[in-house]
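Shown next: protein33.tsv, given as TSV, C-alpha atoms.
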chain	number	residue	atom	x	y	z
P	1285	MET	CA	-10.54	15.26	-11.44
P	1286	ASP	CA	-10.69	16.01	-15.16
P	1287	ASN	CA	-7.38	15.88	-17.04
P	1288	ILE	CA	-5.58	14.14	-14.19
P	1289	THR	CA	-2.12	13.16	-15.42
P	1290	GLN	CA	-1.06	11.24	-12.32
P	1291	THR	CA	-2.24	7.83	-11.17
P	1292	LEU	CA	-1.72	5.48	-8.23
P	1293	LEU	CA	-1.95	1.76	-8.96
P	1294	VAL	CA	-3.04	-0.53	-6.13
P	1295	GLU	CA	-3.63	-4.26	-5.84
P	1296	GLY	CA	-7.24	-4.19	-4.72
P	1297	ASN	CA	-10.34	-2.42	-3.48
P	1298	ASP	CA	-9.25	-2.44	0.18
P	1299	ASP	CA	-6.07	-0.56	-0.74
P	1300	LEU	CA	-8.05	1.96	-2.76
P	1301	HIS	CA	-10.52	2.82	-0.01
P	1302	LEU	CA	-7.93	2.89	2.77
P	1303	ILE	CA	-5.67	5.26	0.85
P	1304	CYS	CA	-8.64	7.45	-0.15
P	1305	ASN	CA	-9.67	7.83	3.48
P	1306	ILE	CA	-6.12	8.52	4.65
P	1307	CYS	CA	-5.84	11.23	2.00
P	1308	VAL	CA	-9.09	12.79	3.21
P	1309	ALA	CA	-7.84	12.71	6.80
P	1310	PHE	CA	-4.70	14.62	5.77
P	1311	ASN	CA	-6.43	16.94	3.27
P	1312	ILE	CA	-4.19	15.70	0.48
P	1313	LYS	CA	-4.71	17.54	-2.79
P	1314	GLU	CA	-6.73	15.57	-5.32
P	1315	THR	CA	-4.01	15.62	-7.96
P	1316	PHE	CA	-4.02	11.89	-8.78
P	1317	LYS	CA	-6.51	9.11	-9.37
P	1318	ILE	CA	-6.32	5.71	-7.67
P	1319	GLU	CA	-6.81	2.63	-9.83
P	1320	ASP	CA	-7.68	-0.85	-8.55
P	1321	CYS	CA	-5.66	-3.27	-10.71
P	1322	LYS	CA	-7.51	-6.28	-9.28
P	1323	GLY	CA	-4.42	-8.17	-8.21
P	1324	ILE	CA	-0.64	-7.92	-8.20
P	1325	THR	CA	-0.33	-9.99	-11.39
P	1326	ASN	CA	-2.45	-7.52	-13.36
P	1327	LEU	CA	-0.57	-4.60	-11.84
P	1328	LEU	CA	2.87	-5.91	-12.77
P	1329	ASN	CA	1.90	-7.32	-16.15
P	1330	GLY	CA	0.27	-4.07	-17.21
P	1331	LEU	CA	3.07	-1.78	-16.09
P	1332	PRO	CA	5.38	-2.15	-19.14
P	1333	VAL	CA	2.53	-1.00	-21.41
P	1334	ARG	CA	1.78	1.95	-19.14
P	1335	LEU	CA	5.42	3.02	-19.20
P	1336	LYS	CA	5.21	3.25	-23.00
P	1337	GLY	CA	2.18	5.54	-22.69
P	1338	SER	CA	1.25	8.30	-25.11
P	1339	GLY	CA	2.42	11.04	-22.77
P	1340	GLU	CA	-0.90	11.74	-21.06
P	1341	ILE	CA	0.23	10.19	-17.76
P	1342	LYS	CA	3.23	11.90	-16.19
P	1343	THR	CA	3.44	10.13	-12.82
P	1344	ILE	CA	2.65	6.56	-11.78
P	1345	GLY	CA	2.68	5.50	-8.15
P	1346	ILE	CA	2.51	1.85	-7.14
P	1347	VAL	CA	1.43	0.41	-3.80
P	1348	MET	CA	1.90	-3.34	-3.48
P	1349	ASP	CA	2.32	-5.95	-0.77
P	1350	ALA	CA	5.69	-7.42	0.11
P	1351	ASP	CA	3.95	-10.68	1.11
P	1352	ASP	CA	6.57	-13.18	2.30
P	1353	ASN	CA	9.58	-11.78	0.38
P	1354	ILE	CA	10.05	-8.03	0.07
P	1355	GLN	CA	13.34	-8.40	-1.78
P	1356	SER	CA	11.76	-10.61	-4.42
P	1357	ARG	CA	8.93	-8.10	-4.87
P	1358	TRP	CA	11.37	-5.22	-5.35
P	1359	ILE	CA	13.44	-7.28	-7.81
P	1360	GLN	CA	10.28	-7.83	-9.90
P	1361	MET	CA	9.59	-4.11	-9.96
P	1362	ARG	CA	13.21	-3.17	-10.60
P	1363	GLN	CA	13.47	-5.54	-13.55
P	1364	ILE	CA	10.39	-4.03	-15.19
P	1365	LEU	CA	11.97	-0.58	-14.90
P	1366	ILE	CA	15.32	-1.82	-16.22
P	1367	ASN	CA	13.63	-3.51	-19.17
P	1368	SER	CA	11.83	-0.28	-20.05
P	1369	LYS	CA	15.22	1.41	-20.66
P	1370	LEU	CA	13.73	4.65	-19.36
P	1371	TYR	CA	15.51	4.83	-16.01
P	1372	SER	CA	19.20	4.78	-15.10
P	1373	ASN	CA	19.11	5.50	-11.38
P	1374	ILE	CA	17.17	2.55	-9.95
P	1375	PRO	CA	18.18	1.67	-6.37
P	1376	ASN	CA	19.19	-1.91	-5.57
P	1377	ASP	CA	16.74	-1.93	-2.65
P	1378	CYS	CA	13.50	-0.10	-2.07
P	1379	PRO	CA	14.28	2.98	0.04
P	1380	GLN	CA	12.66	2.87	3.48
P	1381	GLU	CA	10.94	6.19	2.79
P	1382	GLY	CA	9.45	4.78	-0.44
P	1383	ALA	CA	10.97	4.98	-3.91
P	1384	ILE	CA	10.66	7.91	-6.29
P	1385	ILE	CA	12.45	7.29	-9.58
P	1386	TYR	CA	12.87	9.94	-12.26
P	1387	PRO	CA	13.16	9.04	-15.96
P	1388	ASP	CA	16.24	9.86	-17.98
P	1389	ASN	CA	14.02	11.88	-20.33
P	1390	ILE	CA	11.87	14.49	-18.61
P	1391	ASP	CA	8.99	13.68	-20.95
P	1392	ASP	CA	8.76	10.10	-19.71
P	1393	ILE	CA	6.95	8.86	-16.60
P	1394	LYS	CA	8.07	9.44	-13.04
P	1395	ILE	CA	7.62	6.32	-10.90
P	1396	GLY	CA	6.91	5.93	-7.19
P	1397	VAL	CA	6.87	2.64	-5.31
P	1398	TRP	CA	5.65	1.84	-1.80
P	1399	ILE	CA	5.88	-1.79	-0.67
P	1400	MET	CA	3.48	-2.59	2.15
P	1401	PRO	CA	3.78	-2.45	5.01
P	1402	ASP	CA	6.87	-0.21	5.37
P	1403	ASN	CA	9.30	-0.80	2.47
P	1404	ASN	CA	11.48	-2.76	4.87
P	1405	ASN	CA	9.64	-5.84	6.15
P	1406	ASN	CA	7.62	-8.70	4.75
P	1407	GLY	CA	3.88	-8.29	5.06
P	1408	MET	CA	0.89	-6.64	3.44
P	1409	LEU	CA	-1.72	-3.91	3.67
P	1410	GLU	CA	-3.19	-5.40	6.84
P	1411	ASP	CA	0.19	-5.15	8.60
P	1412	PHE	CA	0.26	-1.45	7.74
P	1413	VAL	CA	-3.26	-1.05	9.13
P	1414	ALA	CA	-2.28	-2.83	12.37
P	1415	PHE	CA	0.19	0.01	13.02
P	1416	LEU	CA	-2.80	2.39	12.98
P	1417	ILE	CA	-4.54	0.69	15.91
P	1418	PRO	CA	-4.36	3.17	18.82
P	1419	ASN	CA	-1.70	2.61	21.46
P	1420	GLY	CA	-3.03	0.87	24.54
P	1421	ASP	CA	-5.93	-0.72	22.67
P	1422	LYS	CA	-7.37	-3.44	24.91
P	1423	LEU	CA	-8.97	-5.55	22.20
P	1424	LEU	CA	-5.85	-6.34	20.21
P	1425	PRO	CA	-4.26	-8.56	22.91
P	1426	GLU	CA	-7.55	-10.48	23.05
P	1427	VAL	CA	-7.49	-10.91	19.26
P	1428	ASP	CA	-3.91	-12.17	19.41
P	1429	SER	CA	-4.82	-14.61	22.17
P	1430	ALA	CA	-7.81	-15.93	20.23
P	1431	LEU	CA	-5.81	-16.44	17.04
P	1432	GLU	CA	-2.95	-18.08	18.93
P	1433	ASN	CA	-5.45	-20.46	20.52
P	1434	ILE	CA	-7.12	-21.59	17.30
P	1435	GLU	CA	-3.81	-21.83	15.45
P	1436	ALA	CA	-2.36	-24.01	18.21
P	1437	LYS	CA	-5.34	-26.32	17.85
P	1438	GLY	CA	-5.12	-26.32	14.06
P	1439	LEU	CA	-8.59	-24.87	13.74
P	1440	ASN	CA	-7.67	-21.91	11.56
P	1441	MET	CA	-8.90	-22.20	7.99
P	1442	TYR	CA	-6.61	-19.40	6.74
P	1443	LYS	CA	-3.03	-19.86	5.53
P	1444	SER	CA	-0.23	-18.74	7.83
P	1445	ILE	CA	0.70	-15.96	5.37
P	1446	HIS	CA	-2.78	-14.50	5.95
P	1447	HIS	CA	-2.45	-14.30	9.74
P	1448	SER	CA	-2.32	-10.50	9.57
P	1449	LYS	CA	-5.55	-10.45	7.54
P	1450	ALA	CA	-7.30	-12.59	10.15
P	1451	ARG	CA	-5.86	-10.38	12.89
P	1452	ILE	CA	-7.05	-7.00	11.59
P	1453	HIS	CA	-10.44	-8.24	10.40
P	1454	THR	CA	-11.11	-9.95	13.73
P	1455	TRP	CA	-10.23	-6.69	15.48
P	1456	LEU	CA	-12.60	-4.78	13.18
P	1457	ALA	CA	-15.33	-7.36	13.79
P	1458	TRP	CA	-15.20	-6.51	17.50
P	1459	GLN	CA	-15.72	-2.76	17.08
P	1460	ASN	CA	-18.92	-0.80	17.73
P	1461	ASP	CA	-19.94	-1.35	14.12
P	1462	PRO	CA	-18.77	-4.94	13.52
P	1463	GLY	CA	-17.04	-5.65	10.24
P	1464	THR	CA	-16.35	-2.04	9.31
P	1465	PRO	CA	-14.01	-2.00	6.25
P	1466	MET	CA	-10.46	-0.81	6.85
P	1467	GLY	CA	-10.95	2.43	4.93
P	1468	ALA	CA	-14.13	3.33	6.80
P	1469	ALA	CA	-12.37	2.53	10.09
P	1470	ILE	CA	-10.25	5.64	9.43
P	1471	THR	CA	-13.36	7.80	9.09
P	1472	LYS	CA	-14.97	6.26	12.18
P	1473	LYS	CA	-11.78	6.92	14.18
P	1474	TYR	CA	-11.31	3.27	15.10
P	1475	LEU	CA	-7.89	3.67	13.51
P	1476	THR	CA	-5.56	6.61	14.03
P	1477	THR	CA	-3.47	8.37	11.39
P	1478	THR	CA	-0.84	9.73	13.81
P	1479	PRO	CA	1.65	6.80	13.83
P	1480	PRO	CA	5.02	7.47	12.13
P	1481	ILE	CA	4.36	4.89	9.41
P	1482	CYS	CA	1.26	6.78	8.28
P	1483	GLN	CA	3.11	10.09	8.36
P	1484	LYS	CA	5.87	8.54	6.24
P	1485	PHE	CA	3.35	7.24	3.72
P	1486	ILE	CA	1.74	10.67	3.40
P	1487	LYS	CA	5.16	12.28	2.98
P	1488	TRP	CA	5.87	9.84	0.11
P	1489	LEU	CA	2.53	10.62	-1.56
P	1490	ASN	CA	3.11	14.36	-1.33
P	1491	ALA	CA	6.68	14.09	-2.61
P	1492	LEU	CA	5.49	11.98	-5.56
P	1493	TYR	CA	2.40	13.93	-6.60
P	1494	ASN	CA	2.45	17.40	-5.10
P	1495	ASN	CA	6.05	18.61	-5.42

Output the file's structure as structure tokens, nothing else.
Amino acid sequence: MDNITQTLLVEGNDDLHLICNICVAFNIKETFKIEDCKGITNLLNGLPVRLKGSGEIKTIGIVMDADDNIQSRWIQMRQILINSKLYSNIPNDCPQEGAIIYPDNIDDIKIGVWIMPDNNNNGMLEDFVAFLIPNGDKLLPEVDSALENIEAKGLNMYKSIHHSKARIHTWLAWQNDPGTPMGAAITKKYLTTTPPICQKFIKWLNALYNN
């Protein structure tokens, strides 16, 4: 991966390993490096400096969680791009297929944005991963029942916004190898990469880095 001029910025280590394993599953060309920004704040705060780069990086992709307000997240990203004065054609909303934004000057940086889970709904990485649970899985209804039960009793120690995290990690804790990380669950075939949302994500990656 010497002289890689394309990078993908992600919020954390889970994102990095999941995307790496999805790329392996689809035999995606290794034309970009993935960087763990260690949080959304670091990712967003560091982006203006990256956009003023020396010219070594030609493409920056960004994967971030919508959390509880996808529109607010896109507005944050859009404002950073507007402030850079490098881009004229910035959509008002994140396209459902993921954003790819070309600079006004060909020598500046091309930007791609994917807002987890699907560029359309509130949520996070774990909501994306839940779509990869095989159809007809018999454990997931049991997980949902267990979480509903403890939440009804007020026994859950996690915040309501982290319900999807509790859901997917409980499901992973009940697999053959309990507690397998989300990325490794791709390799172990606990998760499938055939759902449309995964296909759409791969199409966005290829359009951003390999076209």

Return as a tab-separated table the residues of stretch 1343-1389 of chain P lying at most 12 Å from stretch 1474-1494 of chain P, together with the closest atom-to-atom pair for each and the distance in Å to one decimal, counting only C-alpha atoms, with rows in chain order and ascending residue number.
residue	atom	partner	partner_atom	distance
P:Thr1343	CA	P:Tyr1493	CA	7.4
P:Ile1344	CA	P:Leu1492	CA	8.7
P:Gly1345	CA	P:Leu1492	CA	7.5
P:Ile1346	CA	P:Leu1489	CA	10.4
P:Val1347	CA	P:Phe1485	CA	10.3
P:Pro1379	CA	P:Trp1488	CA	10.9
P:Gln1380	CA	P:Lys1484	CA	9.3
P:Glu1381	CA	P:Lys1484	CA	6.6
P:Gly1382	CA	P:Trp1488	CA	6.2
P:Ala1383	CA	P:Trp1488	CA	8.1
P:Ile1384	CA	P:Leu1492	CA	6.6
P:Ile1385	CA	P:Leu1492	CA	9.3
P:Tyr1386	CA	P:Leu1492	CA	10.2

Using only C-alpha atoms, find each residue of stretch 1347-1440 of chain P with at least one atom at most 9 Å away from an atom of stretch 1311-1332 of chain P; report its shortest atom-to-atom pair and that distance in Å (one decimal), sort the rows by chain and rising residue number, and return the result as CSV.
residue,atom,partner,partner_atom,distance
P:Met1348,CA,P:Ile1324,CA,7.1
P:Asp1349,CA,P:Ile1324,CA,8.2
P:Gln1360,CA,P:Leu1328,CA,8.2
P:Met1361,CA,P:Leu1328,CA,7.5
P:Ile1364,CA,P:Pro1332,CA,6.7
P:Leu1365,CA,P:Pro1332,CA,8.0
P:Asn1367,CA,P:Pro1332,CA,8.4
P:Ser1368,CA,P:Pro1332,CA,6.8

Next item on the list: Dump as a PyMOL selection string all residues having an atom at most 12 Å from (-13.1, 5.1, 11.0), computed in the file's coordinates with all atoms listed in the file.
Entry: chain P and resi 1301-1302+1305-1306+1308-1309+1413+1416-1418+1456+1459-1477

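By chain and then residue number, the residues within 12 Å of P:Asp1352 are Ser1356, Arg1357, Ile1399, Met1400, Pro1401, Asn1404, Asn1405, Asn1406, Gly1407, Met1408, Ser1444, Ile1445, His1446, His1447 and Ser1448 of chain P, counting all atoms listed in the file and disregarding those fewer than 4 positions away in sequence.
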
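Atom CA of P:Glu1340 is positioned 23.6 Å from atom CA of P:Cys1307.
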
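Going from atom CA of P:Arg1451 to atom CA of P:Trp1398 covers 22.3 Å.
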
Could the centre and edge lengths of an axis-aligned box, enclosing all atoms of stretch 1290-1306 of chain P in the file with 8 Å extra on each side, be given in Å to one decimal as JSON?
{"center_x": -5.8, "center_y": 3.5, "center_z": -3.8, "size_x": 25.5, "size_y": 31.5, "size_z": 33.0}

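The nearest approach to P:Trp1358 among the residues P:Gly1438, P:Gln1290, P:Asn1389, P:Val1397, with only C-alpha atoms taken into account, belongs to P:Val1397.
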
Check: Pick from P:Leu1335, P:Gly1420, P:Pro1425, P:Asn1433: nearest to P:Pro1387, with all atoms listed in the file counted?
Finding: P:Leu1335

Check: In Å to one decimal, how far is atom CA of P:Ala1414 from atom CA of P:Ala1350?
Finding: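 Atom CA of P:Ala1414 lies 15.3 Å from atom CA of P:Ala1350.
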
Check: Quick one: of P:Tyr1442, P:Asp1402, P:Leu1431, P:Asp1388, who's nearest to P:Thr1454, counting all atoms listed in the file?
Finding: P:Leu1431

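Each of P:Ile1354, P:Ala1436, P:Ile1359, P:Leu1293 was compared to P:Gly1396 using only C-alpha atoms, and P:Leu1293 turns out to be the nearest.
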
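The residue that comes closest to P:Asp1411, out of P:Asp1377, P:Gln1355, P:Asp1298, P:Ile1452 and on the basis of only C-alpha atoms, is P:Ile1452.
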
Next item on the list: Between P:Gly1337, P:Ser1372, P:Leu1409, P:Asn1353, single out the one closest to P:Asn1297, counting only C-alpha atoms.
Entry: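 Of all the options, P:Leu1409 lies closest to P:Asn1297.
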
For stretch 1331-1350 of chain P of the structure just presented, write N, CA and C atoms to a file, as a PDB file, in the first residue's frame.
ATOM      1  N   LEU P1331     -11.008  17.485   9.461  1.00  0.00           N
ATOM      2  CA  LEU P1331     -11.284  17.482   8.021  1.00  0.00           C
ATOM      3  C   LEU P1331     -10.877  18.778   7.312  1.00  0.00           C
ATOM      4  N   PRO P1332     -11.151  19.963   7.867  1.00  0.00           N
ATOM      5  CA  PRO P1332     -10.744  21.191   7.161  1.00  0.00           C
ATOM      6  C   PRO P1332      -9.252  21.233   6.852  1.00  0.00           C
ATOM      7  N   VAL P1333      -8.427  20.746   7.773  1.00  0.00           N
ATOM      8  CA  VAL P1333      -6.977  20.717   7.542  1.00  0.00           C
ATOM      9  C   VAL P1333      -6.637  19.745   6.424  1.00  0.00           C
ATOM     10  N   ARG P1334      -7.297  18.594   6.427  1.00  0.00           N
ATOM     11  CA  ARG P1334      -7.050  17.593   5.378  1.00  0.00           C
ATOM     12  C   ARG P1334      -7.405  18.141   3.996  1.00  0.00           C
ATOM     13  N   LEU P1335      -8.488  18.911   3.934  1.00  0.00           N
ATOM     14  CA  LEU P1335      -8.930  19.442   2.643  1.00  0.00           C
ATOM     15  C   LEU P1335      -7.942  20.461   2.071  1.00  0.00           C
ATOM     16  N   LYS P1336      -7.117  21.024   2.941  1.00  0.00           N
ATOM     17  CA  LYS P1336      -6.084  21.972   2.502  1.00  0.00           C
ATOM     18  C   LYS P1336      -4.745  21.267   2.313  1.00  0.00           C
ATOM     19  N   GLY P1337      -4.796  19.956   2.104  1.00  0.00           N
ATOM     20  CA  GLY P1337      -3.586  19.135   2.020  1.00  0.00           C
ATOM     21  C   GLY P1337      -2.639  19.566   0.923  1.00  0.00           C
ATOM     22  N   SER P1338      -1.458  18.961   0.953  1.00  0.00           N
ATOM     23  CA  SER P1338      -0.365  19.344   0.050  1.00  0.00           C
ATOM     24  C   SER P1338      -0.533  18.789  -1.355  1.00  0.00           C
ATOM     25  N   GLY P1339      -1.559  17.990  -1.565  1.00  0.00           N
ATOM     26  CA  GLY P1339      -1.766  17.403  -2.882  1.00  0.00           C
ATOM     27  C   GLY P1339      -1.468  15.923  -2.937  1.00  0.00           C
ATOM     28  N   GLU P1340      -0.941  15.355  -1.849  1.00  0.00           N
ATOM     29  CA  GLU P1340      -0.621  13.933  -1.824  1.00  0.00           C
ATOM     30  C   GLU P1340      -1.888  13.082  -1.824  1.00  0.00           C
ATOM     31  N   ILE P1341      -2.901  13.506  -1.053  1.00  0.00           N
ATOM     32  CA  ILE P1341      -4.160  12.776  -0.991  1.00  0.00           C
ATOM     33  C   ILE P1341      -5.120  13.330  -2.033  1.00  0.00           C
ATOM     34  N   LYS P1342      -5.653  12.443  -2.862  1.00  0.00           N
ATOM     35  CA  LYS P1342      -6.543  12.846  -3.951  1.00  0.00           C
ATOM     36  C   LYS P1342      -8.009  12.550  -3.648  1.00  0.00           C
ATOM     37  N   THR P1343      -8.259  11.567  -2.781  1.00  0.00           N
ATOM     38  CA  THR P1343      -9.633  11.168  -2.468  1.00  0.00           C
ATOM     39  C   THR P1343      -9.757  10.912  -0.983  1.00  0.00           C
ATOM     40  N   ILE P1344     -10.795  11.481  -0.368  1.00  0.00           N
ATOM     41  CA  ILE P1344     -11.105  11.205   1.035  1.00  0.00           C
ATOM     42  C   ILE P1344     -12.539  10.691   1.125  1.00  0.00           C
ATOM     43  N   GLY P1345     -12.688   9.505   1.679  1.00  0.00           N
ATOM     44  CA  GLY P1345     -14.007   8.978   1.988  1.00  0.00           C
ATOM     45  C   GLY P1345     -14.261   9.094   3.479  1.00  0.00           C
ATOM     46  N   ILE P1346     -15.509   9.261   3.846  1.00  0.00           N
ATOM     47  CA  ILE P1346     -15.874   9.430   5.248  1.00  0.00           C
ATOM     48  C   ILE P1346     -17.051   8.526   5.558  1.00  0.00           C
ATOM     49  N   VAL P1347     -16.908   7.694   6.574  1.00  0.00           N
ATOM     50  CA  VAL P1347     -18.016   6.883   7.080  1.00  0.00           C
ATOM     51  C   VAL P1347     -18.281   7.319   8.509  1.00  0.00           C
ATOM     52  N   MET P1348     -19.498   7.776   8.767  1.00  0.00           N
ATOM     53  CA  MET P1348     -19.843   8.250  10.106  1.00  0.00           C
ATOM     54  C   MET P1348     -21.272   7.873  10.443  1.00  0.00           C
ATOM     55  N   ASP P1349     -21.568   7.841  11.741  1.00  0.00           N
ATOM     56  CA  ASP P1349     -22.897   7.474  12.202  1.00  0.00           C
ATOM     57  C   ASP P1349     -23.855   8.649  12.119  1.00  0.00           C
ATOM     58  N   ALA P1350     -25.101   8.351  11.768  1.00  0.00           N
ATOM     59  CA  ALA P1350     -26.147   9.373  11.822  1.00  0.00           C
ATOM     60  C   ALA P1350     -26.514   9.679  13.267  1.00  0.00           C
TER      61      ALA P1350
END
